[in-house]
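> Okay, handing you the structure first.
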Amino acid sequence: MRTDRQEDLDRYYNDHLKLRIISRLMEIKSWSKIMGIQSCVVDAVLTQEREDHAEKKEFKEWKKKKKLLKKAK
(Lines give C-alpha, C1' and ligand atoms only; values in the text may rest on other atoms or scores of the structure.)
Protein backbone atom coordinates (compact mmCIF):
# COMPACT_ATOMS: atom_id res chain seq x y z
CA MET A 1 0.00 0.00 0.00
CA ARG A 2 1.41 3.33 -1.05
CA THR A 3 -0.18 6.39 0.42
CA ASP A 4 0.83 9.54 2.20
CA ARG A 5 -2.41 9.89 4.13
CA GLN A 6 -1.95 8.95 7.78
CA GLU A 7 -5.63 8.00 8.07
CA ASP A 8 -5.25 5.36 5.34
CA LEU A 9 -2.11 3.97 6.94
CA ASP A 10 -3.77 3.78 10.35
CA ARG A 11 -6.79 1.98 8.91
CA TYR A 12 -4.57 -0.50 7.06
CA TYR A 13 -2.45 -1.36 10.09
CA ASN A 14 -5.46 -1.44 12.45
CA ASP A 15 -7.32 -3.83 10.14
CA HIS A 16 -4.24 -6.02 9.82
CA LEU A 17 -3.91 -6.17 13.60
CA LYS A 18 -7.62 -6.97 14.03
CA LEU A 19 -7.33 -9.89 11.61
CA ARG A 20 -4.35 -11.27 13.54
CA ILE A 21 -6.31 -10.99 16.80
CA ILE A 22 -9.32 -12.76 15.28
CA SER A 23 -7.19 -15.62 13.97
CA ARG A 24 -5.66 -16.08 17.43
CA LEU A 25 -9.11 -15.92 19.07
CA MET A 26 -10.18 -18.89 16.97
CA GLU A 27 -7.66 -21.00 18.90
CA ILE A 28 -9.35 -20.34 22.28
CA LYS A 29 -11.59 -23.18 23.40
CA SER A 30 -12.58 -22.26 26.98
CA TRP A 31 -16.05 -20.78 27.44
CA SER A 32 -14.97 -18.65 30.40
CA LYS A 33 -12.00 -17.21 28.46
CA ILE A 34 -14.25 -16.39 25.51
CA MET A 35 -16.77 -14.65 27.79
CA GLY A 36 -13.94 -12.68 29.43
CA ILE A 37 -12.75 -11.54 26.02
CA GLN A 38 -16.30 -10.60 25.06
CA SER A 39 -16.64 -8.35 28.10
CA CYS A 40 -13.32 -6.66 27.25
CA VAL A 41 -14.49 -6.07 23.69
CA VAL A 42 -17.81 -4.62 24.88
CA ASP A 43 -15.91 -2.27 27.22
CA ALA A 44 -13.65 -1.18 24.36
CA VAL A 45 -16.61 -0.53 22.06
CA LEU A 46 -18.45 1.49 24.72
CA THR A 47 -15.32 3.53 25.40
CA GLN A 48 -14.91 4.20 21.67
CA GLU A 49 -18.55 5.26 21.37
CA ARG A 50 -18.21 7.64 24.34
CA GLU A 51 -15.09 9.18 22.79
CA ASP A 52 -16.79 9.56 19.41
CA HIS A 53 -19.83 11.15 21.02
CA ALA A 54 -17.67 13.59 23.00
CA GLU A 55 -15.74 14.50 19.85
CA LYS A 56 -18.95 15.15 17.90
CA LYS A 57 -20.35 17.23 20.75
CA GLU A 58 -17.15 19.26 20.95
CA PHE A 59 -17.22 19.83 17.18
CA LYS A 60 -20.86 20.98 17.29
CA GLU A 61 -20.06 23.42 20.09
CA TRP A 62 -17.07 24.75 18.16
CA LYS A 63 -19.18 25.13 15.02
CA LYS A 64 -21.90 26.96 16.98
CA LYS A 65 -19.34 29.36 18.51
CA LYS A 66 -17.82 30.00 15.10
CA LYS A 67 -21.27 30.75 13.68
CA LEU A 68 -22.03 33.16 16.54
CA LEU A 69 -18.73 34.96 16.05
CA LYS A 70 -19.44 35.29 12.34
CA LYS A 71 -22.85 36.83 13.07
CA ALA A 72 -21.33 39.27 15.58
CA LYS A 73 -19.05 40.74 12.90
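Just remember, in the C-alpha coordinates the first chain shown is A, the second B, etc., residues are 1-based per chain, and ligands are 1-based in the order shown.
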I need the residues of chain A that end up classed as helix (DSSP H, G or I) by DSSP on the backbone, written out as a ChimeraX atom specification.
/A:6-25,31-72
> Would you kindly return, as a count of residues only, each protein, DNA or RNA residue with an atom no farther than 12 Å from any atom of Leu25 of chain A, considering only C-alpha atoms and excluding same-chain residues fewer than 3 positions away?
15
> What gap, in Å, lies between atom CA of Phe59 of chain A and atom CA of Val45 of chain A?
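Here the two named atoms are 20.9 Å from each other.
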